[in-house]
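Trainee: I'm passing along data.cif; it holds mmCIF, C-alpha atoms.
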data_query
loop_
_atom_site.label_atom_id
_atom_site.label_comp_id
_atom_site.auth_asym_id
_atom_site.auth_seq_id
_atom_site.Cartn_x
_atom_site.Cartn_y
_atom_site.Cartn_z
CA MET A 193 -85.46 131.64 43.94
CA SER A 194 -83.59 131.94 47.22
CA LEU A 195 -84.59 130.18 50.42
CA SER A 196 -85.27 133.52 52.06
CA GLY A 197 -87.76 134.39 49.30
CA VAL A 198 -89.51 131.04 49.71
CA GLY A 199 -89.67 131.49 53.47
CA SER A 200 -91.10 134.98 53.06
CA GLY A 201 -93.76 133.71 50.69
CA VAL A 202 -94.73 130.88 53.03
CA GLY A 203 -94.91 133.29 55.95
CA SER A 204 -97.20 135.63 53.99
CA GLY A 205 -99.44 132.72 53.10
CA VAL A 206 -99.68 131.60 56.71
CA ARG A 207 -100.56 135.11 57.84
CA ALA A 208 -103.21 135.37 55.13
CA LEU A 209 -104.75 132.06 56.22
CA ARG A 210 -104.78 133.21 59.85
CA ALA A 211 -106.46 136.47 58.88
CA LEU A 212 -109.01 134.53 56.81
CA ARG A 213 -109.77 132.26 59.77
CA ILE A 214 -110.26 135.30 62.00
CA ARG A 215 -112.55 137.07 59.55
CA ARG A 216 -114.48 134.02 58.41
CA PRO A 217 -116.66 133.62 61.56
CA TRP A 218 -117.64 137.29 61.40
CA ARG A 219 -118.43 136.99 57.71
CA LEU A 220 -120.53 133.88 58.25
CA ALA A 221 -122.38 135.61 61.08
CA ALA A 222 -123.08 138.62 58.86
CA GLU A 223 -124.34 136.42 56.02
CA ALA A 224 -126.53 134.41 58.39
CA SER A 225 -127.98 137.60 59.86
CA ALA A 226 -128.70 138.99 56.39
CA LEU A 227 -130.40 135.73 55.40
CA LEU A 228 -132.50 135.74 58.58
CA ILE A 229 -133.58 139.34 58.00
CA ALA A 230 -134.49 138.51 54.39
CA VAL A 231 -136.63 135.58 55.54
CA VAL A 232 -138.41 137.70 58.15
CA VAL A 233 -139.09 140.46 55.61
CA ALA A 234 -140.24 138.06 52.88
CA PHE A 235 -142.44 135.88 55.09
CA PRO A 236 -145.49 138.22 55.12
CA LEU A 237 -145.32 138.38 51.32
CA TYR A 238 -145.12 134.58 51.14
CA TRP A 239 -148.07 134.19 53.53
CA MET A 240 -150.14 136.66 51.51
CA VAL A 241 -149.57 134.76 48.25
CA LEU A 242 -150.10 131.42 49.99
CA SER A 243 -153.41 132.56 51.50
CA ALA A 244 -154.51 133.82 48.09
CA PHE A 245 -154.10 130.30 46.66
CA LYS A 246 -155.53 128.43 49.63
CA PRO A 247 -159.11 127.11 49.54
CA ALA A 248 -161.62 128.87 51.79
CA GLY A 249 -161.56 126.03 54.32
CA GLU A 250 -157.79 126.27 54.84
CA VAL A 251 -157.82 130.08 55.03
CA GLU A 252 -160.44 130.02 57.79
CA SER A 253 -158.90 127.07 59.62
CA THR A 254 -157.93 127.53 63.27
CA GLU A 255 -154.74 125.53 62.61
CA PRO A 256 -152.96 127.43 59.83
CA ARG A 257 -150.20 125.66 57.92
CA PRO A 258 -147.39 127.30 55.91
CA TRP A 259 -148.26 125.24 52.84
CA THR A 260 -151.22 123.93 50.87
CA LEU A 261 -151.70 120.66 49.04
CA SER A 262 -154.75 121.82 47.10
CA PRO A 263 -154.14 125.28 45.60
CA SER A 264 -157.19 127.07 44.25
CA LEU A 265 -157.88 130.11 42.07
CA ASP A 266 -161.31 130.79 43.58
CA SER A 267 -160.09 133.86 45.46
CA PHE A 268 -158.66 135.39 42.28
CA ARG A 269 -161.92 134.64 40.44
CA ARG A 270 -163.88 136.55 43.07
CA VAL A 271 -161.47 139.46 42.73
CA PHE A 272 -161.68 139.73 38.95
CA GLN A 273 -165.44 139.21 38.99
CA GLN A 274 -165.83 142.52 40.79
CA GLU A 275 -167.29 144.92 38.25
CA GLU A 276 -165.22 147.94 39.31
CA PHE A 277 -161.89 146.17 39.88
CA GLY A 278 -160.56 146.89 36.37
CA ARG A 279 -161.55 150.54 36.65
CA TYR A 280 -159.83 150.81 40.03
CA PHE A 281 -156.68 149.30 38.53
CA VAL A 282 -156.65 151.81 35.65
CA ASN A 283 -157.28 154.70 38.06
CA SER A 284 -154.32 153.62 40.19
CA LEU A 285 -152.10 153.47 37.10
CA ILE A 286 -153.20 156.95 36.02
CA VAL A 287 -152.64 158.50 39.45
CA ALA A 288 -149.30 156.78 40.13
CA GLY A 289 -147.99 157.34 36.60
CA THR A 290 -148.91 161.02 36.63
CA VAL A 291 -147.33 161.60 40.03
CA VAL A 292 -144.11 159.79 39.05
CA ILE A 293 -143.65 161.62 35.73
CA VAL A 294 -144.63 165.11 36.89
CA SER A 295 -142.73 164.92 40.20
CA ALA A 296 -139.59 163.67 38.41
CA LEU A 297 -139.60 166.52 35.87
CA VAL A 298 -140.46 169.25 38.39
CA ALA A 299 -137.97 167.92 40.95
CA PHE A 300 -135.21 167.78 38.33
CA LEU A 301 -135.77 171.40 37.28
CA ALA A 302 -136.14 172.61 40.87
CA ALA A 303 -133.04 170.74 42.06
CA THR A 304 -131.05 172.24 39.20
CA ALA A 305 -132.29 175.72 40.08
CA VAL A 306 -131.47 175.54 43.81
CA THR A 307 -128.05 174.01 43.07
CA ARG A 308 -126.78 176.01 40.08
CA PHE A 309 -128.30 179.43 40.75
CA ARG A 310 -127.80 181.86 43.61
CA PHE A 311 -130.92 183.73 44.66
CA LYS A 312 -132.49 185.24 47.74
CA PHE A 313 -133.98 182.88 50.33
CA ARG A 314 -132.36 179.85 48.68
CA THR A 315 -131.24 178.43 52.02
CA THR A 316 -134.65 179.13 53.53
CA LEU A 317 -136.29 177.25 50.69
CA LEU A 318 -134.06 174.22 51.25
CA ILE A 319 -134.86 174.24 54.96
CA MET A 320 -138.56 174.35 54.11
CA PHE A 321 -138.09 171.20 52.03
CA LEU A 322 -136.77 169.42 55.11
CA VAL A 323 -139.51 170.79 57.36
CA ALA A 324 -142.14 169.57 54.90
CA GLN A 325 -140.89 166.01 55.40
CA MET A 326 -141.48 166.24 59.15
CA VAL A 327 -145.19 167.01 58.94
CA PRO A 328 -147.29 163.82 59.20
CA VAL A 329 -149.74 163.20 56.39
CA GLU A 330 -152.57 162.52 58.83
CA ALA A 331 -152.30 166.01 60.29
CA LEU A 332 -152.90 167.59 56.87
CA THR A 333 -155.71 165.36 55.63
CA ILE A 334 -158.56 167.51 56.97
CA PRO A 335 -157.09 170.83 55.70
CA LEU A 336 -156.48 169.19 52.33
CA PHE A 337 -160.06 167.95 52.26
CA PHE A 338 -161.41 171.49 52.63
CA LEU A 339 -158.89 172.74 50.07
CA MET A 340 -159.99 170.14 47.53
CA ARG A 341 -163.63 170.95 48.26
CA ASP A 342 -163.06 174.67 47.64
CA PHE A 343 -161.31 173.91 44.34
CA GLY A 344 -164.07 171.51 43.32
CA GLN A 345 -161.70 168.54 43.08
CA LEU A 346 -163.48 166.09 45.38
CA ASN A 347 -164.47 162.79 43.73
CA THR A 348 -161.87 163.31 41.01
CA LEU A 349 -158.47 161.78 40.35
CA GLY A 350 -157.01 165.27 40.69
CA SER A 351 -157.75 165.18 44.41
CA LEU A 352 -155.35 162.21 44.65
CA ILE A 353 -152.70 163.47 42.23
CA LEU A 354 -152.19 166.96 43.69
CA PRO A 355 -151.58 165.96 47.34
CA HIS A 356 -149.17 163.19 46.35
CA LEU A 357 -147.26 165.64 44.17
CA ALA A 358 -147.04 168.03 47.11
CA PHE A 359 -145.66 165.33 49.40
CA SER A 360 -143.32 163.76 46.83
CA LEU A 361 -141.62 166.91 45.57
CA PRO A 362 -139.74 168.04 48.74
CA PHE A 363 -138.06 164.64 49.17
CA ALA A 364 -137.30 164.35 45.45
CA ILE A 365 -135.84 167.85 45.21
CA TRP A 366 -133.64 167.37 48.28
CA MET A 367 -132.37 164.02 47.04
CA LEU A 368 -131.72 165.18 43.46
CA ARG A 369 -129.87 168.24 44.73
CA GLY A 370 -126.94 165.98 45.65
CA PHE A 371 -126.83 164.41 42.18
CA VAL A 372 -126.91 167.78 40.41
CA LYS A 373 -124.24 169.12 42.74
CA ALA A 374 -122.00 166.13 41.94
CA VAL A 375 -121.86 167.14 38.26
CA PRO A 376 -118.78 169.41 37.85
CA GLU A 377 -119.45 172.96 36.83
CA ALA A 378 -116.48 172.65 34.47
CA LEU A 379 -118.56 170.24 32.39
CA GLU A 380 -121.26 172.87 32.05
CA GLU A 381 -118.74 175.53 31.09
CA ALA A 382 -117.18 173.23 28.49
CA ALA A 383 -120.61 172.56 27.00
CA TYR A 384 -121.28 176.30 26.71
CA LEU A 385 -117.89 176.85 25.06
CA ASP A 386 -118.78 174.17 22.51
CA GLY A 387 -121.93 176.11 21.61
CA ALA A 388 -124.50 174.16 23.63
CA SER A 389 -127.44 176.16 24.92
CA ARG A 390 -128.62 175.94 28.51
CA ALA A 391 -131.63 173.84 27.47
CA ARG A 392 -129.42 171.42 25.51
CA PHE A 393 -127.03 171.02 28.42
CA LEU A 394 -129.96 170.51 30.77
CA TRP A 395 -131.67 167.72 28.84
CA GLN A 396 -128.86 166.07 26.86
CA ILE A 397 -126.02 166.18 29.40
CA LEU A 398 -127.27 166.85 32.92
CA PHE A 399 -130.47 164.81 32.72
CA PRO A 400 -128.77 161.48 31.81
CA LEU A 401 -126.19 162.00 34.58
CA VAL A 402 -128.82 162.43 37.30
CA LEU A 403 -131.15 159.76 35.89
CA PRO A 404 -130.25 157.20 38.62
CA GLY A 405 -131.34 159.71 41.24
CA LEU A 406 -134.58 160.32 39.35
CA VAL A 407 -135.25 156.58 39.30
CA ALA A 408 -134.65 156.30 43.05
CA THR A 409 -137.04 159.14 43.86
CA SER A 410 -139.58 157.80 41.37
CA VAL A 411 -139.68 154.46 43.20
CA PHE A 412 -140.59 156.13 46.48
CA SER A 413 -143.21 158.30 44.74
CA PHE A 414 -144.71 155.29 42.99
CA ILE A 415 -144.96 153.16 46.13
CA SER A 416 -146.49 155.88 48.31
CA THR A 417 -149.04 156.77 45.62
CA TRP A 418 -149.90 153.21 44.60
CA ASN A 419 -150.50 152.06 48.18
CA ASP A 420 -152.36 155.17 49.31
CA PHE A 421 -155.58 154.51 51.19
CA LEU A 422 -155.96 157.62 53.35
CA PHE A 423 -156.43 160.16 50.55
CA ALA A 424 -158.53 157.77 48.45
CA LYS A 425 -160.86 157.18 51.39
CA SER A 426 -161.03 160.87 52.35
CA PHE A 427 -161.38 162.59 48.96
CA ILE A 428 -163.40 160.04 46.94
CA ILE A 429 -166.72 160.20 48.76
CA SER A 430 -169.60 159.35 46.43
CA ASP A 431 -168.22 158.68 42.93
CA THR A 432 -166.75 155.19 43.31
CA SER A 433 -165.73 155.17 39.64
CA GLN A 434 -162.83 157.45 40.65
CA SER A 435 -161.55 155.12 43.37
CA THR A 436 -158.21 153.33 43.28
CA LEU A 437 -157.10 149.77 44.03
CA PRO A 438 -156.73 150.10 47.83
CA MET A 439 -160.43 150.93 47.94
CA ALA A 440 -161.18 147.65 46.17
CA LEU A 441 -160.10 145.80 49.30
CA LEU A 442 -163.09 147.23 51.18
CA VAL A 443 -165.40 145.08 49.07
CA PHE A 444 -164.08 141.97 50.82
CA PHE A 445 -164.55 143.38 54.33
CA LYS A 446 -168.07 142.42 55.33
CA PRO A 447 -170.01 143.06 58.57
CA ASP A 448 -170.68 139.39 59.26
CA GLU A 449 -167.50 137.72 57.97
CA ASN A 450 -164.45 138.98 56.09
CA ASP A 451 -163.40 137.27 52.87
CA TRP A 452 -159.73 136.81 53.76
CA GLY A 453 -159.02 134.81 50.63
CA GLY A 454 -160.32 137.64 48.47
CA ILE A 455 -158.39 140.20 50.52
CA MET A 456 -155.14 138.29 50.06
CA ALA A 457 -155.79 137.73 46.35
CA ALA A 458 -156.53 141.43 45.77
CA SER A 459 -153.42 142.36 47.76
CA THR A 460 -151.35 139.98 45.61
CA VAL A 461 -152.70 141.58 42.44
CA MET A 462 -151.88 145.01 43.87
CA THR A 463 -148.31 143.93 44.61
CA ILE A 464 -147.54 142.70 41.08
CA PRO A 465 -147.17 146.19 39.46
CA VAL A 466 -144.82 147.25 42.27
CA LEU A 467 -142.64 144.17 41.71
CA VAL A 468 -142.64 144.75 37.95
CA PHE A 469 -141.64 148.38 38.49
CA PHE A 470 -138.78 147.30 40.76
CA VAL A 471 -137.52 144.75 38.24
CA LEU A 472 -137.49 147.34 35.46
CA VAL A 473 -135.54 149.96 37.44
CA GLN A 474 -133.51 147.84 39.86
CA ARG A 475 -130.10 148.55 38.30
CA ARG A 476 -130.57 152.30 38.19
CA LEU A 477 -132.19 152.18 41.63
CA VAL A 478 -129.09 150.58 43.22
CA SER A 479 -126.77 153.12 41.60
CA GLY A 480 -129.12 155.95 42.56
CA LEU A 481 -129.28 154.92 46.21
CA GLY A 482 -125.51 154.45 46.22
CA GLY A 483 -125.03 157.95 44.88
CA ALA A 484 -127.41 159.34 47.47
CA VAL A 485 -125.57 157.61 50.31
CA LYS A 486 -122.24 158.78 48.94
CA ASP A 487 -123.49 162.35 48.74
#
What would you get if you wrote out this structure as structure tokens?
Mentor:
Amino acid sequence: MSLSGVGSGVGSGVRALRALRIRRPWRLAAEASALLIAVVVAFPLYWMVLSAFKPAGEVESTEPRPWTLSPSLDSFRRVFQQEEFGRYFVNSLIVAGTVVIVSALVAFLAATAVTRFRFKFRTTLLIMFLVAQMVPVEALTIPLFFLMRDFGQLNTLGSLILPHLAFSLPFAIWMLRGFVKAVPEALEEAAYLDGASRARFLWQILFPLVLPGLVATSVFSFISTWNDFLFAKSFIISDTSQSTLPMALLVFFKPDENDWGGIMAASTVMTIPVLVFFVLVQRRLVSGLGGAVKD
């Protein structure tokens, strides 16, 4: 190797080291900021779990500490000793599961229709999907109450499922539209030339390709339905057997003194299904959100 080649290599290495030194402080600052944000976001979750395991004396202490040397399961015992807690848990699973499955299927078919087919008022329909996202839920609670009353759905799980479907579908359809649009039409034409029917292309080819988007929309539908308190409080009036988990927290709010240990324990139990759901779909969720951002 010639001296000029060695000198060129050394010069490139020096420039690379200088560039690394310039970028390194910015990278460290970004990593430190991300770590700080993660700590701030995770701290309420940590405090909730910690309070659930603290004895009653430490929970009610005027000098709270971010640790406990004597963890206790008394708060969880009080939660599971509630007669209706298991029923509330099952009701929440039924409502959230139904909303996730039905909204995913309907949104997939609707997104395919508004993307692949040309029809009158298609643009108007898409604009209506966006407008529907701008209306606050609180403004529609009273009209929905009278609507559910007229249909005879008060004090039933249907009064919780139908409104959540109505609020989940516009967002899901708009988000899935980008995934369906990203699938080349040439792939559809090739499938038809190979003898595939429209239904076979829809479920065996298109559905697996947009599955990450379905997972991403399902996560948002699941969280909003699982954590719902407004509809459960407004539509389940007298039949407490149809209530969901957020209503179980009201048992621990008492006129004289709130049972904060029980509240934190019940909240921890409520959080576990959400964490399990995230763990099961995290890979497809990341790819789905990435596809949505790219679109």
Trainee: Evaluate the PyMOL selection byres ((chain A and resi 441-446) around 12) here and jot the selected residues down as a PyMOL selection string.
Mentor: chain A and resi 267+270-271+273-277+280-281+419+421+424-425+432+435-440+447-462
Trainee: With the file shown as input, list the residues that the PyMOL selection byres ((chain A and resi 327-341) around 12) selects, as a count of residues only.
Mentor: 37
Trainee: Report as a PyMOL selection string all protein, DNA and RNA residues lying within 10 Å of stretch 377-385 of chain A, evaluated on only C-alpha atoms, omitting residues in the same chain fewer than 5 positions from it.
Mentor: chain A and resi 308+372+390+392-394+397-398
Trainee: Can you tell me how far atom CA of A:Pro236 sits from atom CA of A:Thr463, in Å to one decimal?
Mentor: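 According to the coordinates, atom CA of A:Pro236 and atom CA of A:Thr463 are separated by 12.3 Å.
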Trainee: Using the chain letters and residue numbers of this document, give as a PyMOL selection string the residues selected by the PyMOL selection byres ((chain A and resi 287-293) around 6).
Mentor: chain A and resi 284-286+294-296+353+357+410+413-414+417-418
Trainee: Work out how far atom CA of A:Pro404 is from atom CA of A:Phe363, in Å to one decimal.
Mentor: 15.1 Å
Trainee: Can you report as lines of an AutoDock Vina configuration file the centre and edge lengths in Å, to one decimal, of an axis-aligned box around the listed atoms of stretch 410-420 of chain A padded with 6 Å on each side?
Mentor:
center_x = -146.0
center_y = 155.2
center_z = 45.3
size_x = 24.8
size_y = 18.2
size_z = 19.9
Trainee: One decimal, Å: what's the distance from atom CA of A:Leu318 over to atom CA of A:Ala302, could you say?
Mentor: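 So the two atoms, atom CA of A:Leu318 and atom CA of A:Ala302, lie 10.7 Å apart.
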Trainee: Between A:Arg279, A:Val471, A:Pro400, A:Ser430, which has the minimum distance to A:Phe371 (counting all atoms listed in the file)?
Mentor: A:Pro400
